[in-house]
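Next comes input25.cif, a file with mmCIF, C-alpha atoms and all ligand atoms.
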```cif
data_final
loop_
_atom_site.group_PDB
_atom_site.id
_atom_site.type_symbol
_atom_site.label_atom_id
_atom_site.label_comp_id
_atom_site.auth_asym_id
_atom_site.auth_seq_id
_atom_site.Cartn_x
_atom_site.Cartn_y
_atom_site.Cartn_z
ATOM 1 C CA MET A 934 -3.750 -4.467 26.570
ATOM 2 C CA LEU A 935 -2.581 -1.523 24.450
ATOM 3 C CA GLU A 936 -3.181 2.020 25.563
ATOM 4 C CA ILE A 937 -2.015 4.980 23.550
ATOM 5 C CA GLU A 938 -2.335 8.350 25.216
ATOM 6 C CA ASP A 939 -1.873 11.718 23.571
ATOM 7 C CA LEU A 940 0.795 10.407 21.201
ATOM 8 C CA ASP A 941 2.740 12.470 18.669
ATOM 9 C CA VAL A 942 4.799 10.604 16.051
ATOM 10 C CA GLY A 943 6.524 11.815 12.914
ATOM 11 C CA TYR A 944 9.636 11.849 10.784
ATOM 12 C CA GLY A 945 12.421 14.058 12.139
ATOM 13 C CA THR A 946 10.875 17.441 12.793
ATOM 14 C CA THR A 947 7.784 16.662 10.693
ATOM 15 C CA LYS A 948 4.935 15.764 13.005
ATOM 16 C CA ILE A 949 2.433 13.410 11.350
ATOM 17 C CA CYS A 950 0.307 11.899 14.155
ATOM 18 C CA ARG A 951 -0.958 14.392 16.712
ATOM 19 C CA SER A 952 -2.352 13.707 20.176
ATOM 20 C CA VAL A 953 -3.568 10.238 19.245
ATOM 21 C CA SER A 954 -5.308 8.260 21.977
ATOM 22 C CA LEU A 955 -6.706 4.774 21.475
ATOM 23 C CA THR A 956 -7.060 1.470 23.266
ATOM 24 C CA VAL A 957 -7.099 -2.186 22.283
ATOM 25 C CA GLY A 958 -8.427 -4.546 24.951
ATOM 26 C CA GLU A 959 -7.381 -8.156 25.410
ATOM 27 C CA GLY A 960 -8.687 -10.237 22.512
ATOM 28 C CA GLU A 961 -10.331 -7.216 20.894
ATOM 29 C CA LEU A 962 -10.371 -6.648 17.123
ATOM 30 C CA ILE A 963 -10.062 -2.919 16.585
ATOM 31 C CA CYS A 964 -9.901 -1.086 13.279
ATOM 32 C CA LEU A 965 -8.225 2.181 12.407
ATOM 33 C CA LEU A 966 -9.760 3.630 9.289
ATOM 34 C CA GLY A 967 -8.637 6.510 7.140
ATOM 35 C CA ARG A 968 -7.894 7.672 3.636
ATOM 36 C CA ASN A 969 -4.504 7.615 1.910
ATOM 37 C CA GLY A 970 -1.703 9.494 3.589
ATOM 38 C CA VAL A 971 -3.502 10.405 6.837
ATOM 39 C CA GLY A 972 -0.903 8.783 9.117
ATOM 40 C CA LYS A 973 -2.127 5.222 9.677
ATOM 41 C CA THR A 974 1.189 3.540 8.867
ATOM 42 C CA THR A 975 3.100 6.219 10.775
ATOM 43 C CA LEU A 976 1.057 5.462 13.889
ATOM 44 C CA LEU A 977 1.773 1.728 13.590
ATOM 45 C CA ARG A 978 5.476 2.521 13.196
ATOM 46 C CA GLY A 979 5.248 4.536 16.408
ATOM 47 C CA ILE A 980 3.599 1.623 18.207
ATOM 48 C CA ILE A 981 6.221 -0.913 17.141
ATOM 49 C CA GLY A 982 9.100 1.450 17.935
ATOM 50 C CA MET A 983 10.333 2.136 14.414
ATOM 51 C CA LEU A 984 9.612 5.822 15.009
ATOM 52 C CA PRO A 985 10.034 7.605 18.349
ATOM 53 C CA ALA A 986 7.148 9.289 20.125
ATOM 54 C CA THR A 987 7.776 12.995 20.616
ATOM 55 C CA LYS A 988 4.867 13.293 23.042
ATOM 56 C CA GLY A 989 2.520 10.963 24.904
ATOM 57 C CA ARG A 990 2.674 7.437 26.205
ATOM 58 C CA ILE A 991 2.276 3.849 24.993
ATOM 59 C CA THR A 992 1.402 1.212 27.579
ATOM 60 C CA PHE A 993 1.373 -2.481 26.722
ATOM 61 C CA ASN A 994 0.140 -5.064 29.203
ATOM 62 C CA GLY A 995 0.607 -2.585 32.013
ATOM 63 C CA SER A 996 4.193 -1.597 31.109
ATOM 64 C CA ASP A 997 5.198 1.763 29.744
ATOM 65 C CA ILE A 998 6.936 0.930 26.439
ATOM 66 C CA THR A 999 7.148 4.474 25.071
ATOM 67 C CA ALA A 1000 10.939 4.418 25.201
ATOM 68 C CA ALA A 1001 11.460 0.685 24.559
ATOM 69 C CA ASP A 1002 13.225 -0.314 21.346
ATOM 70 C CA ASP A 1003 11.477 -2.200 18.562
ATOM 71 C CA TYR A 1004 13.066 -5.533 19.479
ATOM 72 C CA ASP A 1005 11.853 -5.346 23.070
ATOM 73 C CA ARG A 1006 8.343 -4.437 21.935
ATOM 74 C CA ALA A 1007 8.293 -7.462 19.632
ATOM 75 C CA ARG A 1008 9.563 -9.667 22.467
ATOM 76 C CA ALA A 1009 6.823 -8.277 24.716
ATOM 77 C CA GLY A 1010 4.269 -9.616 22.220
ATOM 78 C CA ILE A 1011 3.570 -6.972 19.590
ATOM 79 C CA GLY A 1012 3.559 -8.453 16.077
ATOM 80 C CA TYR A 1013 3.457 -6.342 12.920
ATOM 81 C CA VAL A 1014 2.563 -7.173 9.342
ATOM 82 C CA PRO A 1015 3.521 -4.166 7.214
ATOM 83 C CA GLN A 1016 1.650 -2.896 4.199
ATOM 84 C CA GLY A 1017 2.705 -4.707 1.045
ATOM 85 C CA ARG A 1018 3.369 -7.859 3.072
ATOM 86 C CA LEU A 1019 7.147 -7.773 2.637
ATOM 87 C CA VAL A 1020 7.938 -11.464 2.755
ATOM 88 C CA PHE A 1021 11.471 -12.453 1.767
ATOM 89 C CA GLN A 1022 10.849 -13.045 -1.918
ATOM 90 C CA LYS A 1023 13.801 -15.315 -2.659
ATOM 91 C CA MET A 1024 13.516 -17.374 0.488
ATOM 92 C CA THR A 1025 11.232 -20.394 0.623
ATOM 93 C CA VAL A 1026 7.993 -20.451 2.557
ATOM 94 C CA LEU A 1027 9.684 -22.566 5.229
ATOM 95 C CA GLU A 1028 12.630 -20.168 5.552
ATOM 96 C CA ASN A 1029 10.230 -17.236 5.855
ATOM 97 C CA LEU A 1030 8.331 -19.022 8.622
ATOM 98 C CA ARG A 1031 11.516 -19.839 10.471
ATOM 99 C CA SER A 1032 12.560 -16.198 10.389
ATOM 100 C CA GLY A 1033 9.341 -15.402 12.313
ATOM 101 C CA THR A 1034 10.112 -17.729 15.202
ATOM 102 C CA MET A 1035 13.346 -15.855 16.009
ATOM 103 C CA ILE A 1036 11.341 -13.127 17.717
ATOM 104 C CA GLY A 1037 9.541 -15.691 19.866
ATOM 105 C CA GLY A 1038 12.903 -16.640 21.342
ATOM 106 C CA ASP A 1039 13.232 -19.976 19.536
ATOM 107 C CA ARG A 1040 16.644 -19.602 18.007
ATOM 108 C CA LEU A 1041 16.604 -23.100 16.595
ATOM 109 C CA GLY A 1042 14.150 -21.771 14.069
ATOM 110 C CA SER A 1043 11.446 -24.372 14.522
ATOM 111 C CA TYR A 1044 7.917 -23.251 13.727
ATOM 112 C CA PRO A 1045 4.647 -24.191 15.390
ATOM 113 C CA ASP A 1046 2.530 -26.618 13.401
ATOM 114 C CA GLU A 1047 -0.560 -24.757 14.505
ATOM 115 C CA VAL A 1048 0.112 -22.038 11.923
ATOM 116 C CA PHE A 1049 -0.550 -24.665 9.260
ATOM 117 C CA SER A 1050 -3.947 -25.354 10.760
ATOM 118 C CA TYR A 1051 -4.793 -21.736 9.967
ATOM 119 C CA PHE A 1052 -2.985 -21.606 6.632
ATOM 120 C CA PRO A 1053 -2.987 -25.139 5.180
ATOM 121 C CA VAL A 1054 -2.030 -23.838 1.737
ATOM 122 C CA LEU A 1055 1.420 -22.935 3.086
ATOM 123 C CA LYS A 1056 2.141 -26.505 4.064
ATOM 124 C CA GLN A 1057 1.787 -27.520 0.432
ATOM 125 C CA ARG A 1058 4.209 -24.779 -0.637
ATOM 126 C CA LEU A 1059 6.954 -25.133 1.956
ATOM 127 C CA ASN A 1060 9.836 -25.331 -0.511
ATOM 128 C CA GLN A 1061 8.486 -22.784 -2.962
ATOM 129 C CA ALA A 1062 10.114 -19.339 -3.181
ATOM 130 C CA ALA A 1063 7.828 -16.841 -1.445
ATOM 131 C CA GLY A 1064 8.036 -14.494 -4.437
ATOM 132 C CA THR A 1065 6.242 -17.069 -6.591
ATOM 133 C CA LEU A 1066 3.167 -17.197 -4.316
ATOM 134 C CA SER A 1067 -0.010 -15.310 -5.226
ATOM 135 C CA GLY A 1068 -0.684 -11.996 -3.460
ATOM 136 C CA GLY A 1069 -3.197 -13.665 -1.138
ATOM 137 C CA GLU A 1070 -0.789 -16.491 -0.316
ATOM 138 C CA GLN A 1071 1.981 -13.965 0.415
ATOM 139 C CA GLN A 1072 -0.362 -12.167 2.795
ATOM 140 C CA MET A 1073 -1.081 -15.491 4.515
ATOM 141 C CA LEU A 1074 2.651 -16.177 4.721
ATOM 142 C CA ALA A 1075 3.295 -12.738 6.209
ATOM 143 C CA LEU A 1076 0.570 -13.410 8.794
ATOM 144 C CA ALA A 1077 1.796 -16.937 9.520
ATOM 145 C CA ARG A 1078 5.383 -15.719 9.920
ATOM 146 C CA VAL A 1079 4.404 -13.126 12.494
ATOM 147 C CA LEU A 1080 2.103 -15.594 14.286
ATOM 148 C CA SER A 1081 5.035 -18.009 14.572
ATOM 149 C CA GLY A 1082 6.535 -15.502 17.008
ATOM 150 C CA ARG A 1083 3.384 -15.927 19.171
ATOM 151 C CA PRO A 1084 2.412 -12.267 19.511
ATOM 152 C CA LYS A 1085 -0.339 -11.201 21.900
ATOM 153 C CA LEU A 1086 -1.270 -8.216 19.776
ATOM 154 C CA LEU A 1087 -1.098 -8.109 16.002
ATOM 155 C CA LEU A 1088 -0.833 -4.854 14.058
ATOM 156 C CA LEU A 1089 -1.986 -5.329 10.475
ATOM 157 C CA ASP A 1090 -1.433 -2.650 7.846
ATOM 158 C CA GLU A 1091 -4.015 -2.855 5.041
ATOM 159 C CA PRO A 1092 -3.983 -6.633 4.622
ATOM 160 C CA SER A 1093 -6.791 -6.531 2.045
ATOM 161 C CA GLU A 1094 -4.937 -4.229 -0.346
ATOM 162 C CA GLY A 1095 -4.599 -5.722 -3.828
ATOM 163 C CA ILE A 1096 -6.084 -9.075 -2.842
ATOM 164 C CA GLN A 1097 -9.101 -10.653 -4.509
ATOM 165 C CA PRO A 1098 -12.340 -10.487 -2.484
ATOM 166 C CA SER A 1099 -12.683 -14.253 -1.898
ATOM 167 C CA ILE A 1100 -9.206 -14.386 -0.319
ATOM 168 C CA VAL A 1101 -9.931 -11.249 1.709
ATOM 169 C CA ALA A 1102 -13.022 -13.019 3.106
ATOM 170 C CA GLU A 1103 -10.925 -16.112 3.858
ATOM 171 C CA ILE A 1104 -8.328 -14.002 5.701
ATOM 172 C CA ALA A 1105 -11.121 -12.345 7.708
ATOM 173 C CA GLU A 1106 -12.375 -15.778 8.782
ATOM 174 C CA ILE A 1107 -8.893 -16.955 9.718
ATOM 175 C CA LEU A 1108 -8.295 -13.839 11.837
ATOM 176 C CA GLN A 1109 -11.595 -14.405 13.656
ATOM 177 C CA ARG A 1110 -10.612 -18.005 14.323
ATOM 178 C CA ILE A 1111 -7.169 -17.067 15.643
ATOM 179 C CA ARG A 1112 -8.777 -14.532 17.939
ATOM 180 C CA ARG A 1113 -11.253 -17.139 19.254
ATOM 181 C CA GLU A 1114 -8.654 -19.871 19.727
ATOM 182 C CA ARG A 1115 -5.633 -17.868 20.872
ATOM 183 C CA GLY A 1116 -7.182 -14.732 22.303
ATOM 184 C CA LEU A 1117 -5.082 -12.643 19.953
ATOM 185 C CA ALA A 1118 -5.855 -8.922 19.930
ATOM 186 C CA LEU A 1119 -5.763 -7.068 16.638
ATOM 187 C CA LEU A 1120 -5.295 -3.500 15.524
ATOM 188 C CA LEU A 1121 -6.266 -3.445 11.881
ATOM 189 C CA VAL A 1122 -5.418 -0.477 9.679
ATOM 190 C CA GLU A 1123 -7.718 -0.337 6.671
ATOM 191 C CA GLN A 1124 -9.265 1.755 3.960
ATOM 192 C CA ASN A 1125 -11.600 -1.120 3.104
ATOM 193 C CA LEU A 1126 -14.576 -0.514 5.359
ATOM 194 C CA LYS A 1127 -16.311 -3.709 4.282
ATOM 195 C CA PHE A 1128 -13.357 -5.850 5.380
ATOM 196 C CA ALA A 1129 -12.912 -3.868 8.606
ATOM 197 C CA ARG A 1130 -16.614 -4.331 9.399
ATOM 198 C CA SER A 1131 -16.385 -8.049 8.768
ATOM 199 C CA ILE A 1132 -13.853 -8.570 11.554
ATOM 200 C CA SER A 1133 -13.898 -5.705 14.033
ATOM 201 C CA GLU A 1134 -16.499 -4.490 16.488
ATOM 202 C CA ARG A 1135 -15.059 -1.132 17.353
ATOM 203 C CA GLY A 1136 -12.702 1.325 15.813
ATOM 204 C CA TYR A 1137 -11.335 4.758 15.116
ATOM 205 C CA VAL A 1138 -11.133 7.080 12.133
ATOM 206 C CA ILE A 1139 -7.981 9.094 11.566
ATOM 207 C CA GLU A 1140 -7.662 12.207 9.433
ATOM 208 C CA LYS A 1141 -4.597 14.434 9.042
ATOM 209 C CA GLY A 1142 -2.890 12.540 11.851
ATOM 210 C CA SER A 1143 -5.661 12.974 14.437
ATOM 211 C CA ILE A 1144 -8.461 10.707 15.578
ATOM 212 C CA VAL A 1145 -11.693 12.308 14.363
ATOM 213 C CA ALA A 1146 -14.229 9.589 15.190
ATOM 214 C CA ALA A 1147 -14.462 6.570 17.471
ATOM 215 C CA GLY A 1148 -17.174 4.032 18.136
ATOM 216 C CA THR A 1149 -18.662 0.762 17.008
ATOM 217 C CA VAL A 1150 -17.955 -0.185 13.391
ATOM 218 C CA GLU A 1151 -21.631 0.415 12.730
ATOM 219 C CA ASP A 1152 -21.234 4.000 13.979
ATOM 220 C CA LEU A 1153 -18.177 4.432 11.780
ATOM 221 C CA ALA A 1154 -20.005 3.049 8.745
ATOM 222 C CA GLU A 1155 -22.629 5.815 8.991
ATOM 223 C CA ASP A 1156 -22.960 7.696 5.700
ATOM 224 C CA SER A 1157 -21.906 10.982 7.271
ATOM 225 C CA VAL A 1158 -18.626 9.528 8.619
ATOM 226 C CA VAL A 1159 -17.859 7.738 5.364
ATOM 227 C CA ARG A 1160 -18.584 10.839 3.276
ATOM 228 C CA GLU A 1161 -16.493 13.104 5.432
ATOM 229 C CA HIS A 1162 -13.515 10.913 6.318
ATOM 230 C CA LEU A 1163 -13.371 7.703 4.277
ATOM 231 C CA THR A 1164 -13.103 6.616 0.678
ATOM 232 C CA PHE A 1165 -15.051 3.389 0.479
ATOM 233 C CA ALA A 1166 -18.759 3.005 0.977
ATOM 234 C CA SER A 1167 -19.862 -0.089 2.870
HETATM 235 N N1 LIG B 1 9.744 8.071 5.659
HETATM 236 C C1 LIG B 1 9.007 9.189 5.618
HETATM 237 N N2 LIG B 1 9.594 10.404 5.735
HETATM 238 C C2 LIG B 1 8.843 11.538 5.734
HETATM 239 N N3 LIG B 1 7.501 11.556 5.589
HETATM 240 C C3 LIG B 1 6.886 10.381 5.452
HETATM 241 C C4 LIG B 1 7.600 9.139 5.455
HETATM 242 N N4 LIG B 1 6.689 8.117 5.310
HETATM 243 C C5 LIG B 1 5.478 8.723 5.213
HETATM 244 N N5 LIG B 1 5.597 10.063 5.296
HETATM 245 C C6 LIG B 1 4.496 11.034 5.243
HETATM 246 O O1 LIG B 1 3.634 10.833 6.358
HETATM 247 C C7 LIG B 1 2.281 11.092 5.980
HETATM 248 C C8 LIG B 1 1.429 9.928 6.427
HETATM 249 O O2 LIG B 1 1.848 8.736 5.713
HETATM 250 P P1 LIG B 1 1.367 7.298 6.151
HETATM 251 O O3 LIG B 1 2.091 6.324 5.299
HETATM 252 O O4 LIG B 1 1.461 7.173 7.610
HETATM 253 O O5 LIG B 1 -0.157 7.365 5.727
HETATM 254 P P2 LIG B 1 -1.226 6.209 5.590
HETATM 255 O O6 LIG B 1 -2.467 6.729 6.205
HETATM 256 O O7 LIG B 1 -0.685 4.925 6.093
HETATM 257 O O8 LIG B 1 -1.404 6.143 4.000
HETATM 258 P P3 LIG B 1 -1.687 4.900 3.022
HETATM 259 O O9 LIG B 1 -3.079 4.461 3.321
HETATM 260 O O10 LIG B 1 -1.580 5.546 1.675
HETATM 261 O O11 LIG B 1 -0.663 3.885 3.299
HETATM 262 C C9 LIG B 1 2.271 11.309 4.475
HETATM 263 O O12 LIG B 1 2.184 12.696 4.248
HETATM 264 C C10 LIG B 1 3.618 10.786 4.043
HETATM 265 O O13 LIG B 1 4.091 11.500 2.919
#
```

Rewritten as structure tokens:
Amino acid sequence: MLEIEDLDVGYGTTKICRSVSLTVGEGELICLLGRNGVGKTTLLRGIIGMLPATKGRITFNGSDITAADDYDRARAGIGYVPQGRLVFQKMTVLENLRSGTMIGGDRLGSYPDEVFSYFPVLKQRLNQAAGTLSGGEQQMLALARVLSGRPKLLLLDEPSEGIQPSIVAEIAEILQRIRRERGLALLLVEQNLKFARSISERGYVIEKGSIVAAGTVEDLAEDSVVREHLTFAS
């Protein structure tokens, strides 16, 4: 579904990601692990079109999208939940959800009821300002908003950051369910190896902007890989 080949991405003349190659198959849950500041977010920004590729190619569902703008990539089915969640704090839960359906082409701003089957807590909070939700609820709202646009591939930037472990486990279960029921593919950026292991089968490790290891999550959880490239033990 997503194929990244030999990609360079950076800010202006500063190259951050170098010769990155990775794939995400249809319905696959893939993790990208790495310590702080190694280029994980930069790579996601390159995939969604916020930053231009200076080398390499991105193919999505058989189409070369390397030069496509961010709007067209979203319309093609790439959803993105940035680090820190970034919901509209002063808008209600309902207004936040409606903003997500714009990308799906539904300009009337309706939202699919099925998102409430995944996140029932949001249905009870529809008229509450998003900024008054707990961190875990805001993460669920950010996920639900993007899912309202019916993406085929979801890019998630450190969804477990700053969220209590029981909610992290709940989010992991919800993501598994969405994958089973909707065939959604996921590229999960994480530092939390335990969370990444709980939902992905395969993944990559990035260090200083380059992929330094790839394999099953069990391979990546080996002591030697963790010691050399990651922060968290399993
Ligand atoms: N807007 C920017 N302009 C210039 N450099 C940036 C910008 N954003 C990030 N960087 C630099 O790019 C490098 C990689 O940052 P990035 O946010 O991609 O790392 P990360 O792996 O996602 O880190 P974290 O886990 O801490 O979020 C860092 O050296 C960072 O300082």

Kindly provide, as lines of an AutoDock Vina configuration file, the centre and edge lengths (Å, one decimal) of an axis-aligned box around all atoms of ligand LIG 1 (chain B) given in the file, with 3 Å on each side.
```
center_x = 3.3
center_y = 8.3
center_z = 4.6
size_x = 18.8
size_y = 14.8
size_z = 11.9
```

| task | Report as a VMD selection string the full result of the PyMOL selection byres (((not hetatm)) within 7 of (chain B and resi 1)) when it is applied to this structure. | result | chain A and resid 944 949 967 to 976 1124

Output C-alpha atoms for every residue in that selection, as a tab-separated table (two decimals), in the frame of the given file.
```
chain	number	residue	atom	x	y	z
A	944	TYR	CA	9.64	11.85	10.78
A	949	ILE	CA	2.43	13.41	11.35
A	967	GLY	CA	-8.64	6.51	7.14
A	968	ARG	CA	-7.89	7.67	3.64
A	969	ASN	CA	-4.50	7.62	1.91
A	970	GLY	CA	-1.70	9.49	3.59
A	971	VAL	CA	-3.50	10.40	6.84
A	972	GLY	CA	-0.90	8.78	9.12
A	973	LYS	CA	-2.13	5.22	9.68
A	974	THR	CA	1.19	3.54	8.87
A	975	THR	CA	3.10	6.22	10.78
A	976	LEU	CA	1.06	5.46	13.89
A	1124	GLN	CA	-9.26	1.76	3.96
```

| request: Evaluate the PyMOL selection byres (((chain A and resi 1084) around 9) and not hetatm) on the structure here and hand back the selected residues as a list of chain:residue names. | output: A:Ala1007, A:Arg1008, A:Ala1009, A:Gly1010, A:Ile1011, A:Gly1012, A:Tyr1013, A:Gly1037, A:Val1079, A:Leu1080, A:Ser1081, A:Gly1082, A:Arg1083, A:Lys1085, A:Leu1086, A:Leu1087, A:Leu1117, A:Ala1118

Please write as a PDB file with C-alpha atoms, keeping the file's coordinate frame the full residue list that the PyMOL selection byres (((chain A and resi 935-937) around 10) and not hetatm) yields on this file.
```pdb
ATOM      1  CA  MET A 934      -3.750  -4.467  26.570  1.00  0.00           C
ATOM      2  CA  GLU A 938      -2.335   8.350  25.216  1.00  0.00           C
ATOM      3  CA  ASP A 939      -1.873  11.718  23.571  1.00  0.00           C
ATOM      4  CA  LEU A 940       0.795  10.407  21.201  1.00  0.00           C
ATOM      5  CA  SER A 952      -2.352  13.707  20.176  1.00  0.00           C
ATOM      6  CA  VAL A 953      -3.568  10.238  19.245  1.00  0.00           C
ATOM      7  CA  SER A 954      -5.308   8.260  21.977  1.00  0.00           C
ATOM      8  CA  LEU A 955      -6.706   4.774  21.475  1.00  0.00           C
ATOM      9  CA  THR A 956      -7.060   1.470  23.266  1.00  0.00           C
ATOM     10  CA  VAL A 957      -7.099  -2.186  22.283  1.00  0.00           C
ATOM     11  CA  GLY A 958      -8.427  -4.546  24.951  1.00  0.00           C
ATOM     12  CA  GLU A 959      -7.381  -8.156  25.410  1.00  0.00           C
ATOM     13  CA  ILE A 980       3.599   1.623  18.207  1.00  0.00           C
ATOM     14  CA  GLY A 989       2.520  10.963  24.904  1.00  0.00           C
ATOM     15  CA  ARG A 990       2.674   7.437  26.205  1.00  0.00           C
ATOM     16  CA  ILE A 991       2.276   3.849  24.993  1.00  0.00           C
ATOM     17  CA  THR A 992       1.402   1.212  27.579  1.00  0.00           C
ATOM     18  CA  PHE A 993       1.373  -2.481  26.722  1.00  0.00           C
ATOM     19  CA  ASN A 994       0.140  -5.064  29.203  1.00  0.00           C
ATOM     20  CA  GLY A 995       0.607  -2.585  32.013  1.00  0.00           C
ATOM     21  CA  SER A 996       4.193  -1.597  31.109  1.00  0.00           C
ATOM     22  CA  ASP A 997       5.198   1.763  29.744  1.00  0.00           C
ATOM     23  CA  THR A 999       7.148   4.474  25.071  1.00  0.00           C
ATOM     24  CA  ILE A1011       3.570  -6.972  19.590  1.00  0.00           C
ATOM     25  CA  LEU A1086      -1.270  -8.216  19.776  1.00  0.00           C
ATOM     26  CA  ALA A1118      -5.855  -8.922  19.930  1.00  0.00           C
ATOM     27  CA  LEU A1120      -5.295  -3.500  15.524  1.00  0.00           C
TER      28      LEU A1120
END
```

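Coordinates place atom CA of A:Gly1148 at a distance of 15.6 Å from atom CA of A:Glu1161.
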
| request: Kindly extract all protein, DNA and RNA residues lying within 8 Å of the coordinates (-13.3, 11.1, 12.4) given in the file, considering all atoms listed in the file, and supply them as a PyMOL selection string. | output: chain A and resi 1137-1140+1144-1147+1158+1161-1162

Include C-alpha atoms and write out the residues we just selected as a short mmCIF file (atom, residue, chain, number, x, y, z; two decimals), in the frame of the given file.
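The result, stored in selection05.cif:
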```cif
data_model
loop_
_atom_site.label_atom_id
_atom_site.label_comp_id
_atom_site.auth_asym_id
_atom_site.auth_seq_id
_atom_site.Cartn_x
_atom_site.Cartn_y
_atom_site.Cartn_z
CA TYR A 1137 -11.34 4.76 15.12
CA VAL A 1138 -11.13 7.08 12.13
CA ILE A 1139 -7.98 9.09 11.57
CA GLU A 1140 -7.66 12.21 9.43
CA ILE A 1144 -8.46 10.71 15.58
CA VAL A 1145 -11.69 12.31 14.36
CA ALA A 1146 -14.23 9.59 15.19
CA ALA A 1147 -14.46 6.57 17.47
CA VAL A 1158 -18.63 9.53 8.62
CA GLU A 1161 -16.49 13.10 5.43
CA HIS A 1162 -13.52 10.91 6.32
#
```

| message | Please list as a VMD selection string every residue within 9 Å of A:Gly1068, counting only C-alpha atoms and excluding residues in the same chain fewer than 5 positions away. | response | chain A and resid 1018 1073 1095 to 1097

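Considering all atoms listed in the file, the residue among A:Gln1071, A:Ser1133, A:Thr1164, A:Gln1109 positioned nearest to A:Gln1016 is A:Gln1071.
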
| Exercise: A:Ser1093 partners within 9 Å, all atoms listed in the file, chain neighbours under 4 positions left out, as a PyMOL selection string | chain A and resi 1069+1072+1097-1098+1100-1101+1104+1123-1125+1128

Write a file of the just-selected residues containing C-alpha atoms, as a PDB file, in the frame of the given file.
```pdb
ATOM      1  CA  GLY A1069      -3.197 -13.665  -1.138  1.00  0.00           C
ATOM      2  CA  GLN A1072      -0.362 -12.167   2.795  1.00  0.00           C
ATOM      3  CA  GLN A1097      -9.101 -10.653  -4.509  1.00  0.00           C
ATOM      4  CA  PRO A1098     -12.340 -10.487  -2.484  1.00  0.00           C
ATOM      5  CA  ILE A1100      -9.206 -14.386  -0.319  1.00  0.00           C
ATOM      6  CA  VAL A1101      -9.931 -11.249   1.709  1.00  0.00           C
ATOM      7  CA  ILE A1104      -8.328 -14.002   5.701  1.00  0.00           C
ATOM      8  CA  GLU A1123      -7.718  -0.337   6.671  1.00  0.00           C
ATOM      9  CA  GLN A1124      -9.265   1.755   3.960  1.00  0.00           C
ATOM     10  CA  ASN A1125     -11.600  -1.120   3.104  1.00  0.00           C
ATOM     11  CA  PHE A1128     -13.357  -5.850   5.380  1.00  0.00           C
TER      12      PHE A1128
END
```

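The gap separating atom CA of A:Val1122 from atom CA of A:Ala1001 is 22.5 Å, in Å to one decimal.
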
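What separates atom CA of A:Lys988 from atom CA of A:Gly1017 is a distance of 28.5 Å.
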
| remark: Counting only C-alpha atoms, closest pick from A:Leu984, A:Leu977, A:Ala1063, A:Val1020 relative to A:Thr947 is A:Leu984
